[in-house]
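Colleague: Here's a structure for you.
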Amino acid sequence: LEPPKATIRKASSHGHLMSIGNNVNNQGDRDESRQKKLKDGSLKKSRFGRRRRVKPVELFRPSCDAYTPRIGDGYPKSGKDIKFRPAETRDSLTSSSMGTLSHPNFRDALRRVAMIIRQHIVKIERRFEVNAGTHGKNSGLFKASMMEHYSQYNFCDPTYKCAMVRLPMARPGMIYGLREIQTNYDKIPTEQEIYEFGHRLFQKVQLSSECSIVCLIYMERLMEIAKVPVVARTWRPIFMCGLLLASKVWQDLSSWNIEFASVYPQFSLDQINRLELLFLKNIKWDLYISSSLYAKYYFALRSLLEKRDFRNRYNRMVLGHTSAAE
């Protein structure tokens, strides 16, 4: 009887035996790595039993999660040790201009919301610039088609410049010419422009101080659920509609759509009604805000100035606003 093939391979040479052992070890390592990838979700089985690599899915990270400081894994890694300090040696919390949880300072909260909105605009514009070669495709987290739905070009009435012509005429009348003014909405705004846009609504419509925080929640809910990008051409309609819904949900005496149209006449009443309906449909009529979610956004905005970049931009906004007022 012939011995089994395995015994023939073992008896052939020592080098061949070592190569078989190495192959077995490598195969075991591959199986372990495949099992890990299958658990992580980066590798999935197809219908034919073969493995195919899956691109990781990007998730939207709201501001209450992105800008909230954490005391946990980061501090031991960075070498910082938090120690107890007596009350007399701690930093005073009364120096914060954010106000209280129930009555925040609307100017200070609006400045912080304006900084976050501009941060969204810059990051999303950079995403679409990176994917400019794949025209018509989505940029991961956001849909290019939703950008066209919320474009300011769709909601603003055209403006015209009237030029009168004086000519001798036999009968009473006038001759004039109309020229449409071309407005560019694709320019990235500054924090001061976003703040002034919202501050005008706060003054004219008498919005409550909490509306800016509620508006940010609704805007990011729209970005997360409907994948609507907040870019240079969409931030004004989305920001204004967020303030409108925040006023209707949060205030006892809410504002009317015609009041917003009177503050910004380029948005007609019909366009504001259409924008509000589109906004509500895309967030699936989910306007509920729990007290814990509101508190998360409040403390995230309050701790926003702990980052040096945001603190410098906030100081420039405050100094620029005061100098302009003087």
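To be explicit about the labels: the chains of the structure tokens are called A, B, and onward in the order shown, and within each one the residues are counted from 1, while ligands get numbers from 1 in the order they are shown.
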If we count only C-alpha atoms, what is near Gln251 of chain A at a cut-off of 12 Å, once residues fewer than 2 positions away on the same chain are taken out, given as a list of chain:residue names?
Modeller: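 Here the qualifying residues turn out to be A:Val205, A:Gln206, A:Leu207, A:Ser208, A:Ser209, A:Glu210, A:Cys211, A:Val214, A:Leu243, A:Leu244, A:Leu245, A:Ala246, A:Ser247, A:Lys248, A:Val249, A:Leu253, A:Ser254, A:Ser255, A:Trp256.
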Colleague: Using only C-alpha atoms, which residues sit within 8 Å of Phe299 of chain A once same-chain residues fewer than 4 positions away are excluded, as a PDB file with all heavy atoms, in the first residue's frame?
Modeller:
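The resulting file, result39.pdb, is shown below:
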ATOM      1  N   CYS A  64     -23.580  69.067  18.752  1.00  0.00           N
ATOM      2  CA  CYS A  64     -23.610  68.740  20.177  1.00  0.00           C
ATOM      3  C   CYS A  64     -22.643  67.619  20.519  1.00  0.00           C
ATOM      4  O   CYS A  64     -22.229  67.491  21.678  1.00  0.00           O
ATOM      5  CB  CYS A  64     -25.027  68.362  20.596  1.00  0.00           C
ATOM      6  SG  CYS A  64     -25.670  66.878  19.784  1.00  0.00           S
ATOM      7  N   THR A  68     -18.472  69.165  22.058  1.00  0.00           N
ATOM      8  CA  THR A  68     -18.584  68.970  23.497  1.00  0.00           C
ATOM      9  C   THR A  68     -17.281  68.394  24.024  1.00  0.00           C
ATOM     10  O   THR A  68     -16.849  67.340  23.562  1.00  0.00           O
ATOM     11  CB  THR A  68     -19.749  68.029  23.836  1.00  0.00           C
ATOM     12  OG1 THR A  68     -20.965  68.589  23.326  1.00  0.00           O
ATOM     13  CG2 THR A  68     -19.876  67.847  25.342  1.00  0.00           C
ATOM     14  N   ALA A 295     -30.181  70.837  25.970  1.00  0.00           N
ATOM     15  CA  ALA A 295     -29.080  71.080  26.911  1.00  0.00           C
ATOM     16  C   ALA A 295     -27.736  70.688  26.294  1.00  0.00           C
ATOM     17  O   ALA A 295     -26.725  71.369  26.511  1.00  0.00           O
ATOM     18  CB  ALA A 295     -29.320  70.303  28.195  1.00  0.00           C
ATOM     19  N   SER A 303     -19.142  75.740  25.434  1.00  0.00           N
ATOM     20  CA  SER A 303     -17.730  75.309  25.471  1.00  0.00           C
ATOM     21  C   SER A 303     -17.034  75.494  24.136  1.00  0.00           C
ATOM     22  O   SER A 303     -15.901  75.044  23.984  1.00  0.00           O
ATOM     23  CB  SER A 303     -17.653  73.850  25.889  1.00  0.00           C
ATOM     24  OG  SER A 303     -18.344  73.031  24.970  1.00  0.00           O
TER      25      SER A 303
END
Colleague: Point out the residue among A:Tyr160, A:Phe279, A:Tyr298, A:Phe155 with the least atom-to-atom distance to Asp65 of chain A, counting only C-alpha atoms.
Modeller: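 Of A:Tyr160, A:Phe279, A:Tyr298, A:Phe155, the one nearest Asp65 of chain A is A:Tyr298, counting only C-alpha atoms.
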Colleague: Between atom CA of Phe260 of chain A and atom CA of Gly99 of chain A, what is the spacing in Å?
Modeller: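 Pair atom CA of Gly99 of chain A / atom CA of Phe260 of chain A returns 26.5 Å.
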Colleague: Which residues, written as a ChimeraX atom specification, have at least one atom at most 6 Å from segment 233-241 of chain A, with only C-alpha atoms counted and residues fewer than 5 positions away on the same chain left out?
Modeller: /A:150-152,185-186
Colleague: Using only N, CA, C and O atoms, please write the residues we just selected to a file, as a CSV table (one decimal), in the first residue's frame.
Modeller:
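Wrote it out as again_37.csv, contents follow:
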chain,number,residue,atom,x,y,z
A,150,TYR,N,-32.8,73.5,-2.5
A,150,TYR,CA,-32.7,74.6,-1.6
A,150,TYR,C,-31.9,75.8,-2.0
A,150,TYR,O,-31.5,76.6,-1.2
A,151,SER,N,-31.6,75.8,-3.3
A,151,SER,CA,-30.8,76.9,-3.8
A,151,SER,C,-31.5,78.2,-3.7
A,151,SER,O,-32.8,78.3,-3.9
A,152,GLN,N,-30.8,79.3,-3.3
A,152,GLN,CA,-31.4,80.6,-3.2
A,152,GLN,C,-32.0,81.1,-4.5
A,152,GLN,O,-32.9,82.0,-4.5
A,185,TYR,N,-24.8,84.3,-5.5
A,185,TYR,CA,-25.0,83.6,-4.2
A,185,TYR,C,-24.0,82.5,-3.9
A,185,TYR,O,-24.2,81.8,-3.0
A,186,ASP,N,-23.0,82.4,-4.7
A,186,ASP,CA,-22.1,81.3,-4.6
A,186,ASP,C,-20.8,81.7,-3.8
A,186,ASP,O,-19.8,81.0,-3.7
Colleague: Give the helix (DSSP H, G or I) residues of segment 65-245 of chain A, as assigned by DSSP on the backbone, as a PyMOL selection string.
Modeller: chain A and resi 65-66+74-78+87-89+106-133+144-149+152-154+191-205+211-225+235-245
Colleague: Work out how far atom CA of Glu129 of chain A is from atom CA of Ala114 of chain A, in Å to one decimal.
Modeller: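 Atom CA of Glu129 of chain A lies at a distance of 22.5 Å from atom CA of Ala114 of chain A.
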Colleague: Report the residues of segment 155-228 of chain A whose backbone DSSP state falls under strand (DSSP E or B), written as a PDB file with N, CA and C atoms, in the first residue's frame.
Modeller:
ATOM      1  N   CYS A 156     -35.656  83.303  -4.420  1.00  0.00           N
ATOM      2  CA  CYS A 156     -35.554  84.761  -4.459  1.00  0.00           C
ATOM      3  C   CYS A 156     -36.153  85.287  -5.759  1.00  0.00           C
ATOM      4  N   TYR A 160     -34.721  94.211 -10.374  1.00  0.00           N
ATOM      5  CA  TYR A 160     -34.472  94.954 -11.606  1.00  0.00           C
ATOM      6  C   TYR A 160     -34.049  96.378 -11.266  1.00  0.00           C
ATOM      7  N   LYS A 161     -33.278  96.940 -12.150  1.00  0.00           N
ATOM      8  CA  LYS A 161     -32.868  98.324 -12.051  1.00  0.00           C
ATOM      9  C   LYS A 161     -33.611  99.120 -13.125  1.00  0.00           C
ATOM     10  N   CYS A 162     -34.310 100.138 -12.674  1.00  0.00           N
ATOM     11  CA  CYS A 162     -35.149 100.938 -13.576  1.00  0.00           C
ATOM     12  C   CYS A 162     -34.382 102.185 -14.002  1.00  0.00           C
ATOM     13  N   ALA A 163     -34.337 102.434 -15.291  1.00  0.00           N
ATOM     14  CA  ALA A 163     -33.675 103.622 -15.851  1.00  0.00           C
ATOM     15  C   ALA A 163     -34.721 104.446 -16.602  1.00  0.00           C
ATOM     16  N   MET A 164     -34.900 105.663 -16.147  1.00  0.00           N
ATOM     17  CA  MET A 164     -35.877 106.560 -16.772  1.00  0.00           C
ATOM     18  C   MET A 164     -35.213 107.331 -17.921  1.00  0.00           C
ATOM     19  N   VAL A 165     -35.963 107.521 -18.973  1.00  0.00           N
ATOM     20  CA  VAL A 165     -35.488 108.246 -20.151  1.00  0.00           C
ATOM     21  C   VAL A 165     -36.390 109.462 -20.353  1.00  0.00           C
ATOM     22  N   ILE A 175     -40.903 106.891 -20.555  1.00  0.00           N
ATOM     23  CA  ILE A 175     -40.183 105.764 -21.137  1.00  0.00           C
ATOM     24  C   ILE A 175     -39.117 105.323 -20.139  1.00  0.00           C
ATOM     25  N   TYR A 176     -39.117 104.063 -19.859  1.00  0.00           N
ATOM     26  CA  TYR A 176     -38.141 103.533 -18.913  1.00  0.00           C
ATOM     27  C   TYR A 176     -37.683 102.158 -19.390  1.00  0.00           C
ATOM     28  N   GLY A 177     -36.539 101.777 -18.851  1.00  0.00           N
ATOM     29  CA  GLY A 177     -35.982 100.474 -19.178  1.00  0.00           C
ATOM     30  C   GLY A 177     -35.681  99.680 -17.914  1.00  0.00           C
ATOM     31  N   LEU A 178     -35.877  98.395 -17.955  1.00  0.00           N
ATOM     32  CA  LEU A 178     -35.622  97.506 -16.834  1.00  0.00           C
ATOM     33  C   LEU A 178     -34.450  96.594 -17.161  1.00  0.00           C
ATOM     34  N   ARG A 179     -33.550  96.492 -16.216  1.00  0.00           N
ATOM     35  CA  ARG A 179     -32.390  95.619 -16.373  1.00  0.00           C
ATOM     36  C   ARG A 179     -32.275  94.746 -15.129  1.00  0.00           C
ATOM     37  N   GLU A 180     -32.277  93.449 -15.334  1.00  0.00           N
ATOM     38  CA  GLU A 180     -32.207  92.530 -14.203  1.00  0.00           C
ATOM     39  C   GLU A 180     -30.813  92.560 -13.571  1.00  0.00           C
TER      40      GLU A 180
END
Colleague: To one decimal in Å, tell me the separation between atom CA of Glu88 of chain A and atom CA of Pro69 of chain A.
Modeller: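 Interatomic distance here is 23.2 Å.
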Colleague: So which one's closest to Leu278 of chain A, A:Met146, A:Ile181, A:Leu319, A:Ile217? Using only C-alpha atoms, please.
Modeller: A:Met146
